[in-house]
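Colleague: My structure is stored as work-v7.txt, with compact mmCIF, C-alpha atoms and all ligand atoms.
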```txt
# COMPACT_ATOMS: atom_id res chain seq x y z
CA MET A 1307 5.69 8.10 29.71
CA VAL A 1308 6.12 11.30 27.69
CA PRO A 1309 3.62 11.54 24.85
CA THR A 1310 6.28 11.52 22.11
CA GLU A 1311 7.91 8.32 23.32
CA VAL A 1312 7.17 5.14 21.42
CA ASP A 1313 4.44 3.55 23.50
CA ASN A 1314 4.36 -0.20 22.94
CA ARG A 1315 1.29 -0.80 25.08
CA ARG A 1316 -0.70 1.77 23.18
CA MET A 1317 0.58 0.65 19.77
CA GLY A 1318 -0.30 -2.95 20.61
CA SER A 1319 -3.78 -2.27 21.90
CA ASP A 1320 -5.75 -2.29 18.67
CA ARG A 1321 -7.80 -5.26 17.56
CA SER A 1322 -5.04 -6.54 15.34
CA GLY A 1323 -3.52 -7.57 18.66
CA TRP A 1324 0.21 -8.09 18.21
CA GLY A 1325 1.70 -8.01 21.66
CA ARG A 1326 4.64 -5.91 22.71
CA ALA A 1327 7.56 -5.68 20.33
CA GLY A 1328 9.32 -9.02 20.10
CA GLU A 1329 6.45 -11.20 21.31
CA GLN A 1330 5.28 -14.15 19.27
CA PRO A 1331 2.14 -13.60 17.24
CA SER A 1332 -1.06 -15.10 18.57
CA ARG A 1333 -2.56 -18.08 16.77
CA GLY A 1334 -5.17 -15.95 14.96
CA LEU A 1335 -2.57 -13.53 13.69
CA GLY A 1336 -0.40 -16.37 12.53
CA THR A 1337 -3.26 -17.09 10.15
CA ALA A 1338 -3.36 -13.47 9.00
CA ALA A 1339 0.36 -13.55 8.29
CA LEU A 1340 -0.07 -16.81 6.37
CA LEU A 1341 -2.80 -15.26 4.21
CA ARG A 1342 -0.59 -12.26 3.54
CA HIS A 1343 2.27 -14.50 2.44
CA THR A 1344 -0.08 -16.50 0.21
CA LEU A 1345 -1.25 -13.35 -1.58
CA LEU A 1346 2.30 -12.02 -1.99
CA TRP A 1347 3.29 -15.41 -3.39
CA ALA A 1348 0.34 -15.24 -5.80
CA SER A 1349 1.44 -11.76 -6.90
CA ARG A 1350 4.44 -13.41 -8.59
CA ARG A 1351 2.58 -16.34 -10.21
CA ARG A 1352 1.55 -15.96 -13.84
CA GLY A 1353 -0.89 -18.88 -13.64
CA VAL A 1354 -2.79 -17.24 -10.79
CA GLN A 1355 -2.63 -13.92 -12.64
CA ARG A 1356 -4.39 -15.42 -15.67
CA VAL A 1357 -7.26 -16.74 -13.57
CA VAL A 1358 -7.63 -13.69 -11.32
CA SER A 1359 -7.38 -11.18 -14.20
CA GLN A 1360 -10.35 -12.66 -16.03
CA SER A 1361 -12.83 -12.35 -13.17
CA PRO A 1362 -15.49 -9.57 -13.25
CA LEU A 1363 -14.89 -9.12 -9.51
CA THR A 1364 -11.23 -8.36 -10.23
CA ARG A 1365 -12.32 -5.64 -12.66
CA ARG A 1366 -14.21 -3.96 -9.83
CA LEU A 1367 -11.18 -4.21 -7.54
CA VAL A 1368 -8.95 -2.75 -10.24
CA ARG A 1369 -11.34 0.22 -10.59
CA ARG A 1370 -11.06 0.85 -6.85
CA PHE A 1371 -7.25 0.77 -6.60
CA VAL A 1372 -6.05 1.76 -10.11
CA ALA A 1373 -6.80 5.02 -11.95
CA GLY A 1374 -7.44 3.37 -15.31
CA GLU A 1375 -5.15 1.82 -17.88
CA GLY A 1376 -4.39 4.94 -19.95
CA LEU A 1377 -3.06 8.45 -19.43
CA GLY A 1378 -6.46 10.07 -19.95
CA GLY A 1379 -8.10 8.17 -17.08
CA ALA A 1380 -5.20 8.93 -14.76
CA VAL A 1381 -5.30 12.66 -15.53
CA ASP A 1382 -9.08 12.70 -14.90
CA VAL A 1383 -8.52 11.11 -11.47
CA VAL A 1384 -5.76 13.61 -10.69
CA ARG A 1385 -8.10 16.48 -11.55
CA ARG A 1386 -10.80 15.04 -9.30
CA LEU A 1387 -8.45 14.49 -6.35
CA THR A 1388 -6.72 17.87 -6.59
CA GLY A 1389 -10.18 19.48 -6.75
CA ARG A 1390 -10.75 18.04 -3.25
CA GLY A 1391 -7.62 19.66 -1.86
CA LEU A 1392 -5.40 16.58 -2.19
CA ALA A 1393 -1.98 16.46 -3.85
CA VAL A 1394 -0.92 13.43 -5.93
CA THR A 1395 2.06 11.30 -6.88
CA ILE A 1396 1.44 9.27 -10.03
CA ASP A 1397 2.92 5.87 -10.78
CA HIS A 1398 2.92 4.16 -14.16
CA LEU A 1399 2.47 0.44 -13.42
CA GLY A 1400 4.94 -1.93 -15.06
CA GLU A 1401 7.58 -3.18 -12.67
CA ASP A 1402 10.31 -5.69 -13.44
CA THR A 1403 11.01 -4.77 -17.05
CA ARG A 1404 12.92 -7.50 -18.87
CA ASN A 1405 14.37 -5.56 -21.81
CA ALA A 1406 15.78 -2.16 -22.68
CA GLU A 1407 12.95 -1.33 -25.12
CA ASP A 1408 10.30 -1.70 -22.43
CA ALA A 1409 12.39 0.47 -20.11
CA ARG A 1410 12.58 3.17 -22.80
CA ALA A 1411 8.81 2.87 -23.35
CA ALA A 1412 8.29 3.49 -19.61
CA VAL A 1413 10.42 6.67 -19.83
CA ALA A 1414 8.28 7.83 -22.78
CA VAL A 1415 5.06 7.28 -20.80
CA TYR A 1416 6.42 9.32 -17.87
CA CYS A 1417 7.48 12.15 -20.19
CA ALA A 1418 4.02 12.14 -21.83
CA LEU A 1419 2.38 12.13 -18.39
CA ILE A 1420 4.50 15.09 -17.23
CA ALA A 1421 3.59 17.02 -20.40
CA ARG A 1422 -0.14 16.31 -19.85
CA LEU A 1423 0.00 17.40 -16.21
CA SER A 1424 1.82 20.57 -17.18
CA ALA A 1425 -0.53 21.42 -20.07
CA GLY A 1426 -3.54 20.76 -17.82
CA GLY A 1427 -2.32 23.13 -15.10
CA LEU A 1428 -1.98 20.19 -12.68
CA ALA A 1429 1.80 20.30 -12.16
CA PRO A 1430 1.78 22.39 -8.93
CA ARG A 1431 -0.15 19.65 -7.04
CA SER A 1432 1.53 16.69 -8.77
CA GLU A 1433 4.60 14.54 -8.37
CA VAL A 1434 5.53 11.25 -10.03
CA SER A 1435 6.69 7.98 -8.47
CA LEU A 1436 9.12 5.70 -10.30
CA LYS A 1437 9.98 2.04 -9.82
CA LEU A 1438 13.57 1.54 -10.95
CA SER A 1439 12.77 -2.06 -11.94
CA ALA A 1440 10.46 -0.59 -14.60
CA LEU A 1441 13.43 1.37 -15.94
CA GLY A 1442 15.74 -1.64 -16.29
CA GLN A 1443 17.37 -1.91 -12.84
CA SER A 1444 17.66 -5.71 -12.95
CA LEU A 1445 19.26 -5.59 -16.41
CA ASP A 1446 21.72 -2.78 -15.81
CA PRO A 1447 21.58 -0.31 -12.88
CA GLU A 1448 23.44 2.29 -14.96
CA MET A 1449 20.71 2.14 -17.61
CA ALA A 1450 18.07 2.55 -14.89
CA PHE A 1451 19.95 5.59 -13.56
CA GLU A 1452 20.13 7.20 -17.02
CA ASN A 1453 16.43 6.52 -17.60
CA ALA A 1454 15.48 7.93 -14.20
CA LEU A 1455 17.65 11.00 -14.81
CA GLU A 1456 15.78 11.66 -18.05
CA VAL A 1457 12.45 11.52 -16.20
CA CYS A 1458 13.83 13.76 -13.42
CA ARG A 1459 14.96 16.36 -15.99
CA ALA A 1460 11.58 16.39 -17.74
CA ALA A 1461 9.82 16.60 -14.38
CA ALA A 1462 12.09 19.40 -13.11
CA ALA A 1463 11.40 21.45 -16.24
CA ALA A 1464 7.68 21.21 -15.39
CA GLY A 1465 8.21 21.96 -11.68
CA ILE A 1466 7.34 18.38 -10.69
CA ALA A 1467 9.31 16.34 -8.14
CA VAL A 1468 10.08 12.63 -8.48
CA THR A 1469 10.11 9.93 -5.80
CA LEU A 1470 11.83 6.56 -6.29
CA ASP A 1471 9.58 3.80 -4.98
CA MET A 1472 11.35 1.09 -2.98
CA GLU A 1473 10.94 -2.54 -4.06
CA ASP A 1474 12.10 -5.73 -2.33
CA HIS A 1475 15.28 -5.88 -0.22
CA THR A 1476 17.45 -7.15 -3.08
CA THR A 1477 17.16 -3.69 -4.65
CA THR A 1478 17.58 -1.48 -1.58
CA CYS A 1479 21.32 -0.68 -1.92
CA SER A 1480 21.11 -0.05 -5.65
CA THR A 1481 17.99 2.13 -5.31
CA LEU A 1482 19.50 4.26 -2.54
CA GLU A 1483 22.71 4.66 -4.53
CA ILE A 1484 20.84 5.72 -7.67
CA GLY A 1485 18.74 8.06 -5.52
CA ARG A 1486 21.91 9.62 -4.10
CA ARG A 1487 23.21 10.27 -7.63
CA LEU A 1488 19.89 11.71 -8.82
CA ARG A 1489 19.81 14.03 -5.82
CA ALA A 1490 23.19 15.50 -6.87
CA GLU A 1491 21.34 17.13 -9.80
CA HIS A 1492 17.77 17.08 -8.39
CA PRO A 1493 17.92 17.49 -4.61
CA SER A 1494 14.11 17.29 -4.28
CA THR A 1495 14.10 13.63 -5.39
CA GLY A 1496 12.19 11.66 -2.76
CA LEU A 1497 13.49 8.32 -1.47
CA VAL A 1498 11.55 5.61 0.31
CA ILE A 1499 12.40 3.82 3.54
CA GLN A 1500 10.59 0.62 4.54
CA ALA A 1501 10.38 0.60 8.33
CA SER A 1502 10.04 -3.19 8.40
CA LEU A 1503 13.63 -3.70 7.20
CA ARG A 1504 16.08 -4.00 10.09
CA ARG A 1505 18.65 -1.89 8.19
CA SER A 1506 16.30 1.08 7.86
CA GLU A 1507 17.37 3.01 10.94
CA ASP A 1508 20.91 3.22 9.51
CA ASP A 1509 19.50 4.25 6.13
CA CYS A 1510 17.44 6.95 7.84
CA ARG A 1511 20.56 8.32 9.54
CA ALA A 1512 22.20 8.66 6.11
CA LEU A 1513 19.13 10.48 4.74
CA ALA A 1514 18.41 12.67 7.77
CA HIS A 1515 19.41 16.14 6.65
CA PRO A 1516 17.54 19.33 5.74
CA GLY A 1517 15.94 19.23 2.29
CA SER A 1518 15.87 15.42 2.23
CA ARG A 1519 12.36 14.19 1.37
CA VAL A 1520 11.84 10.66 2.66
CA ARG A 1521 8.67 8.62 2.24
CA LEU A 1522 8.40 6.40 5.28
CA CYS A 1523 6.24 3.31 4.79
CA LYS A 1524 6.01 -0.09 6.47
CA GLY A 1525 7.08 -2.12 3.41
CA ALA A 1526 4.83 -4.08 1.07
CA TYR A 1527 7.08 -7.03 0.21
CA GLN A 1528 7.54 -10.43 1.78
CA GLU A 1529 11.00 -10.29 3.34
CA PRO A 1530 13.09 -12.89 5.23
CA VAL A 1531 12.89 -12.90 9.04
CA ALA A 1532 16.63 -12.26 9.27
CA LEU A 1533 16.22 -8.96 7.43
CA ALA A 1534 12.81 -7.65 8.43
CA TRP A 1535 10.53 -7.26 11.41
CA GLN A 1536 7.47 -9.44 10.87
CA ALA A 1537 5.12 -8.63 13.75
CA ARG A 1538 2.73 -5.76 13.18
CA ASN A 1539 3.65 -4.00 16.39
CA ASP A 1540 7.41 -4.40 15.89
CA ILE A 1541 7.02 -2.68 12.53
CA ARG A 1542 5.07 0.19 14.05
CA VAL A 1543 7.70 0.69 16.75
CA ALA A 1544 10.47 0.59 14.12
CA TYR A 1545 8.48 3.11 12.04
CA LEU A 1546 8.46 5.59 14.91
CA ARG A 1547 12.18 5.09 15.54
CA CYS A 1548 12.84 5.89 11.87
CA LEU A 1549 10.58 8.95 12.01
CA ARG A 1550 12.39 10.25 15.06
CA ILE A 1551 15.78 9.89 13.31
CA LEU A 1552 14.52 11.74 10.23
CA LEU A 1553 13.07 14.55 12.33
CA ASP A 1554 16.22 14.84 14.47
CA GLY A 1555 18.27 15.37 11.30
CA GLY A 1556 15.86 17.95 9.85
CA ALA A 1557 14.60 15.81 6.93
CA THR A 1558 11.05 16.17 5.59
CA PRO A 1559 9.15 12.94 6.33
CA LEU A 1560 6.44 11.87 3.92
CA ILE A 1561 4.30 9.80 6.27
CA ALA A 1562 2.93 6.98 4.09
CA THR A 1563 0.55 4.93 6.20
CA HIS A 1564 -3.20 4.45 6.66
CA ASP A 1565 -2.75 3.00 10.14
CA PRO A 1566 -4.78 5.20 12.54
CA ALA A 1567 -2.75 4.26 15.65
CA LEU A 1568 0.48 5.03 13.84
CA ILE A 1569 -0.79 8.32 12.37
CA ASP A 1570 -1.80 9.35 15.86
CA ALA A 1571 1.64 8.46 17.26
CA CYS A 1572 3.36 10.37 14.40
CA HIS A 1573 1.29 13.44 15.21
CA ARG A 1574 2.34 13.25 18.85
CA LEU A 1575 6.00 13.10 17.80
CA LEU A 1576 5.54 16.04 15.42
CA ALA A 1577 3.59 18.11 17.93
CA ALA A 1578 6.42 17.79 20.43
CA ARG A 1579 8.67 19.56 17.91
CA GLY A 1580 6.29 22.39 17.09
CA ASP A 1581 3.50 22.72 14.58
CA ALA A 1582 5.75 24.09 11.85
CA THR A 1583 7.73 20.86 11.42
CA ALA A 1584 7.68 20.13 7.67
CA HIS A 1585 5.94 16.87 6.75
CA GLU A 1586 3.15 15.49 4.61
CA HIS A 1587 0.86 12.49 4.68
CA GLN A 1588 0.70 10.04 1.80
CA MET A 1589 -2.00 7.46 1.15
CA LEU A 1590 -2.96 5.11 -1.66
CA PHE A 1591 -5.72 5.75 -4.18
CA GLY A 1592 -8.75 3.74 -3.07
CA VAL A 1593 -7.72 3.32 0.57
CA ARG A 1594 -9.30 5.16 3.52
CA GLY A 1595 -10.85 8.08 1.64
CA ASP A 1596 -12.50 9.10 4.92
CA GLU A 1597 -9.14 9.53 6.63
CA GLN A 1598 -7.74 11.40 3.61
CA ALA A 1599 -10.61 13.91 3.86
CA ARG A 1600 -10.30 14.18 7.64
CA LEU A 1601 -6.60 15.07 7.43
CA VAL A 1602 -7.19 17.64 4.67
CA ALA A 1603 -9.93 19.23 6.80
CA ALA A 1604 -7.47 19.37 9.70
CA GLY A 1605 -5.09 21.41 7.53
CA GLU A 1606 -2.64 18.61 6.70
CA GLU A 1607 -0.99 18.22 3.28
CA VAL A 1608 -2.16 14.83 1.97
CA ARG A 1609 -0.71 13.32 -1.20
CA ILE A 1610 -2.44 10.39 -2.89
CA TYR A 1611 -0.42 7.74 -4.72
CA VAL A 1612 -2.25 7.25 -8.01
CA PRO A 1613 -1.20 4.19 -10.05
CA PHE A 1614 -2.31 3.69 -13.64
CA GLY A 1615 -1.48 1.38 -16.53
CA GLU A 1616 -2.22 -2.02 -17.96
CA ARG A 1617 0.20 -4.04 -15.81
CA TRP A 1618 -1.75 -3.71 -12.56
CA TYR A 1619 -1.69 -7.34 -11.35
CA PRO A 1620 1.31 -7.34 -8.91
CA TYR A 1621 0.24 -3.94 -7.51
CA LEU A 1622 -3.32 -5.12 -6.94
CA MET A 1623 -2.17 -8.31 -5.22
CA ARG A 1624 0.07 -6.34 -2.84
CA ARG A 1625 -2.96 -4.21 -1.94
CA MET A 1626 -5.00 -7.38 -1.35
CA ALA A 1627 -2.24 -8.76 0.89
CA GLU A 1628 -2.36 -5.71 3.13
CA ARG A 1629 -5.79 -6.66 4.40
CA PRO A 1630 -6.59 -10.27 5.34
CA ALA A 1631 -10.28 -9.60 4.62
CA ASN A 1632 -9.26 -9.10 0.99
CA LEU A 1633 -8.27 -12.76 0.64
CA ALA A 1634 -11.93 -13.70 0.37
CA LEU A 1635 -12.25 -11.35 -2.61
CA VAL A 1636 -9.28 -12.93 -4.36
CA LEU A 1637 -10.62 -16.45 -3.72
CA ARG A 1638 -13.97 -15.43 -5.18
CA ALA A 1639 -12.19 -13.97 -8.20
CA MET A 1640 -10.25 -17.25 -8.62
CA ALA A 1641 -13.52 -19.16 -8.47
CA GLY A 1642 -14.78 -17.04 -11.35
CA GLY A 1643 -16.80 -14.55 -9.24
C1 LIG A 1701 1.73 6.64 -0.57
C2 LIG A 1701 2.28 5.28 -0.32
C3 LIG A 1701 3.40 4.86 -1.00
C4 LIG A 1701 3.95 3.60 -0.75
N1 LIG A 1701 5.12 3.25 -1.36
C5 LIG A 1701 5.69 2.08 -1.04
C6 LIG A 1701 6.98 1.73 -1.56
O1 LIG A 1701 7.60 2.47 -2.31
N2 LIG A 1701 7.49 0.51 -1.20
C7 LIG A 1701 6.82 -0.34 -0.37
O2 LIG A 1701 7.34 -1.43 -0.05
N3 LIG A 1701 5.60 -0.03 0.12
C8 LIG A 1701 5.03 1.15 -0.19
N4 LIG A 1701 3.80 1.45 0.33
C9 LIG A 1701 2.98 0.40 1.00
C10 LIG A 1701 3.28 0.30 2.49
O3 LIG A 1701 4.57 -0.20 2.68
C11 LIG A 1701 2.26 -0.62 3.18
O4 LIG A 1701 2.32 -1.90 2.62
C12 LIG A 1701 0.82 -0.14 3.07
O5 LIG A 1701 0.72 1.26 3.20
C13 LIG A 1701 -0.06 -0.79 4.18
O6 LIG A 1701 0.40 -0.44 5.43
P1 LIG A 1701 -0.27 0.73 6.33
O7 LIG A 1701 0.84 1.36 7.08
O8 LIG A 1701 -1.04 1.65 5.47
O9 LIG A 1701 -1.17 0.12 7.42
P2 LIG A 1701 -2.03 -1.17 7.67
O10 LIG A 1701 -1.87 -1.45 9.11
O11 LIG A 1701 -1.72 -2.23 6.69
O12 LIG A 1701 -3.51 -0.65 7.41
C14 LIG A 1701 -4.18 0.23 8.27
C15 LIG A 1701 -5.61 0.36 7.81
O13 LIG A 1701 -5.63 0.98 6.51
C16 LIG A 1701 -6.55 0.33 5.67
N5 LIG A 1701 -5.82 -0.33 4.58
C17 LIG A 1701 -4.49 -0.41 4.44
N6 LIG A 1701 -4.16 -1.04 3.30
C18 LIG A 1701 -5.32 -1.37 2.72
C19 LIG A 1701 -5.66 -2.02 1.51
N7 LIG A 1701 -4.73 -2.45 0.68
N8 LIG A 1701 -6.97 -2.20 1.22
C20 LIG A 1701 -7.94 -1.73 2.03
N9 LIG A 1701 -7.67 -1.09 3.19
C21 LIG A 1701 -6.39 -0.92 3.54
C22 LIG A 1701 -7.32 -0.64 6.52
O14 LIG A 1701 -8.40 0.06 7.07
C23 LIG A 1701 -6.32 -0.98 7.60
O15 LIG A 1701 -6.92 -1.41 8.79
C24 LIG A 1701 3.28 2.73 0.15
C25 LIG A 1701 2.16 3.16 0.84
C26 LIG A 1701 1.66 4.41 0.64
C27 LIG A 1701 0.47 4.85 1.43
```
Let me see the file written as structure tokens.

Modeller:
Amino acid sequence: MVPTEVDNRRMGSDRSGWGRAGEQPSRGLGTAALLRHTLLWASRRRGVQRVVSQSPLTRRLVRRFVAGEGLGGAVDVVRRLTGRGLAVTIDHLGEDTRNAEDARAAVAVYCALIARLSAGGLAPRSEVSLKLSALGQSLDPEMAFENALEVCRAAAAAGIAVTLDMEDHTTTCSTLEIGRRLRAEHPSTGLVIQASLRRSEDDCRALAHPGSRVRLCKGAYQEPVALAWQARNDIRVAYLRCLRILLDGGATPLIATHDPALIDACHRLLAARGDATAHEHQMLFGVRGDEQARLVAAGEEVRIYVPFGERWYPYLMRRMAERPANLALVLRAMAGG
């Protein structure tokens, strides 16, 4: 098998142990999937939020994954990370805004953040990430577009690019459409593709052209079986198919994964096209700092997703769900640990 071909045996050989694409999960991994679903369910439950938020253990977890609640803390983290050769994309936490005033407040925070980054000389290594649901997408997509455009204009004036995060599948069409309109004025706007969604190969084809910056991730939301691959290895294989489509069309992939087997497979695909193929790695603040440093030392561009803000609960729970071992931490937090 040529090294750039998607290699199911290799992708399935890690200890997480999903079999070849399409196979049923083993009994042990059924448990892991169940834990993941439980945590994603808990991420939407206010009662659980109240209990978990009050635990001292939760405070420690928040410090690991979130760069503080205010602008000052976030800018300090950005300075520290960029000092280590990393680039950043900064997200103000606060998804699923329920009224127009909160959406406007989110725009104001982004504009203040952009001004602080610019004044602090941090703009060249910074981008911002936006969740359209924080800008009013569920109330009125047109309002979310206008709000996002305002952030894009402020960012462009400071030489900062914007990426639209992707939320659950009910928002995919609207987010891609708003992204398409933003790109008409700001072509550097990054869009996100979730490899786990079955539709994503078609979406990649539409985004696969030179100058198109596409963050490729697995997908952090619990999605129905009819719409999304569920098995770990199926998602990896789909990820590589999406990457290949983006590269074939000349897009710039932003490889957003911490998965060592997948990173290795991406590098084999890239190497087959020549070292100059434009791409960057993206990882989350607080996750696999060792791998972040290793990639920087190897000469890779690595951008860290840095979330900040008071409304960290759903974000933290999605991070917990990504690692079954984290369930124990959440249970301890619920028990008052
Ligand atoms: C920069 C960036 C932006 C993203 N943006 C989006 C988005 O817009 N929409 C969206 O749906 N998803 C987004 N995601 C999340 C993504 O979809 C996955 O849920 C997440 O990255 C976990 O999958 P993984 O590929 O990193 O690999 P996994 O196979 O889950 O993890 C591989 C290894 O990384 C480490 N690891 C991974 N996650 C954690 C964690 N939470 N805690 C501790 N260790 C961990 C562990 O060592 C694990 O063994 C983003 C991810 C990144 C890195």

Colleague: Using only C-alpha atoms, which of the listed residues (A:Leu1575, A:Arg1594, A:Ala1464, A:His1398) sits closest to Pro1430 of chain A?

Modeller: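 Comparing A:Leu1575, A:Arg1594, A:Ala1464, A:His1398 against Pro1430 of chain A, the winner is A:Ala1464.
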
Colleague: Counting all atoms listed in the file, select every polymer residue within 9 Å of (13.5, -0.7, -12.4) as defined in the file's coordinates, and provide the selection as a VMD selection string.

Modeller: chain A and resid 1401 to 1403 1409 1436 to 1445 1447 1450 1473 1481

Colleague: Residues as selected, C-alpha atoms, written as a PDB file, keeping the file's coordinate frame, can you do that?

Modeller:
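Below you can see selection25.pdb, which holds the result:
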```pdb
ATOM      1  CA  GLU A1401       7.580  -3.180 -12.670  1.00  0.00           C
ATOM      2  CA  ASP A1402      10.310  -5.690 -13.440  1.00  0.00           C
ATOM      3  CA  THR A1403      11.010  -4.770 -17.050  1.00  0.00           C
ATOM      4  CA  ALA A1409      12.390   0.470 -20.110  1.00  0.00           C
ATOM      5  CA  LEU A1436       9.120   5.700 -10.300  1.00  0.00           C
ATOM      6  CA  LYS A1437       9.980   2.040  -9.820  1.00  0.00           C
ATOM      7  CA  LEU A1438      13.570   1.540 -10.950  1.00  0.00           C
ATOM      8  CA  SER A1439      12.770  -2.060 -11.940  1.00  0.00           C
ATOM      9  CA  ALA A1440      10.460  -0.590 -14.600  1.00  0.00           C
ATOM     10  CA  LEU A1441      13.430   1.370 -15.940  1.00  0.00           C
ATOM     11  CA  GLY A1442      15.740  -1.640 -16.290  1.00  0.00           C
ATOM     12  CA  GLN A1443      17.370  -1.910 -12.840  1.00  0.00           C
ATOM     13  CA  SER A1444      17.660  -5.710 -12.950  1.00  0.00           C
ATOM     14  CA  LEU A1445      19.260  -5.590 -16.410  1.00  0.00           C
ATOM     15  CA  PRO A1447      21.580  -0.310 -12.880  1.00  0.00           C
ATOM     16  CA  ALA A1450      18.070   2.550 -14.890  1.00  0.00           C
ATOM     17  CA  GLU A1473      10.940  -2.540  -4.060  1.00  0.00           C
ATOM     18  CA  THR A1481      17.990   2.130  -5.310  1.00  0.00           C
TER      19      THR A1481
END
```

Colleague: Residues within 9 Å of ligand LIG 1701 (chain A), counting all atoms listed in the file: report them as a PyMOL selection string.

Modeller: chain A and resi 1322+1371+1395+1435-1437+1469-1474+1497-1502+1521-1527+1538+1542+1560-1569+1587-1594+1609-1612+1622-1629+1631-1632

Colleague: For segment 1374-1384 of chain A, take all atoms listed in the file, fit an axis-aligned box around them, add 6 Å to each of the six sides, then output centre and edge lengths in Å rounded to one decimal, as lines of an AutoDock Vina configuration file.

Modeller:
```
center_x = -6.1
center_y = 7.7
center_z = -15.3
size_x = 18.0
size_y = 23.8
size_z = 21.3
```

Colleague: So which residues fall inside 12 Å of (-6.5, 10.7, -16.5) if we count only C-alpha atoms? Mind giving them as a list in words?

Modeller: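 Selection result: Val1372, Ala1373, Gly1374, Glu1375, Gly1376, Leu1377, Gly1378, Gly1379, Ala1380, Val1381, Asp1382, Val1383, Val1384, Arg1385, Arg1386, Leu1387, Ile1396, His1398, Ala1418, Leu1419, Ile1420, Arg1422, Leu1423, Gly1426, Leu1428, Val1612, Pro1613, Phe1614 and Gly1615 of chain A.
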
Colleague: Can you tell me how far atom CA of Tyr1416 of chain A sits from atom CA of Thr1495 of chain A, in Å to one decimal?

Modeller: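 Atom CA of Tyr1416 of chain A sits 15.3 Å away from atom CA of Thr1495 of chain A.
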
Colleague: Compile the contact shell of His1475 of chain A as a list of chain:residue names: residues with an atom at most 8 Å away, counting only C-alpha atoms, same-chain residues fewer than 2 positions apart removed.

Modeller: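 Selected residues are A:Glu1473, A:Thr1477, A:Thr1478, A:Leu1503, A:Glu1529.
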
Colleague: What is the distance, in Å and to one decimal place, between atom CA of Gly1555 of chain A and atom CA of Ala1490 of chain A?

Modeller: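 Atom CA of Ala1490 of chain A lies at a distance of 18.8 Å from atom CA of Gly1555 of chain A.
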
Colleague: Quick check, in Å to one decimal: how far apart do atom CA of Leu1601 of chain A and atom CA of Leu1549 of chain A lie?

Modeller: 18.8 Å

Colleague: Could you name the residues that touch Tyr1619 of chain A at 9 Å or less, counting only C-alpha atoms, but leaving out those on the same chain fewer than 2 positions away, as a list in words?

Modeller: Ser1349, Gln1355, Val1358, Ser1359, Val1368, Glu1616, Arg1617, Tyr1621, Leu1622, Met1623 and Arg1624 of chain A

Colleague: Write out the residues from the selection above, keeping C-alpha atoms, as a PDB file, in the frame of the given file.

Modeller:
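Dumped to part_35.pdb:
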```pdb
ATOM      1  CA  SER A1349       1.440 -11.760  -6.900  1.00  0.00           C
ATOM      2  CA  GLN A1355      -2.630 -13.920 -12.640  1.00  0.00           C
ATOM      3  CA  VAL A1358      -7.630 -13.690 -11.320  1.00  0.00           C
ATOM      4  CA  SER A1359      -7.380 -11.180 -14.200  1.00  0.00           C
ATOM      5  CA  VAL A1368      -8.950  -2.750 -10.240  1.00  0.00           C
ATOM      6  CA  GLU A1616      -2.220  -2.020 -17.960  1.00  0.00           C
ATOM      7  CA  ARG A1617       0.200  -4.040 -15.810  1.00  0.00           C
ATOM      8  CA  TYR A1621       0.240  -3.940  -7.510  1.00  0.00           C
ATOM      9  CA  LEU A1622      -3.320  -5.120  -6.940  1.00  0.00           C
ATOM     10  CA  MET A1623      -2.170  -8.310  -5.220  1.00  0.00           C
ATOM     11  CA  ARG A1624       0.070  -6.340  -2.840  1.00  0.00           C
TER      12      ARG A1624
END
```

Colleague: Using all atoms listed in the file, which of the listed residues (A:Leu1392, A:Arg1370, A:Ala1461, A:Cys1510) sits closest to Arg1600 of chain A?

Modeller: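 The shortest atom-to-atom distance to Arg1600 of chain A comes from A:Leu1392.
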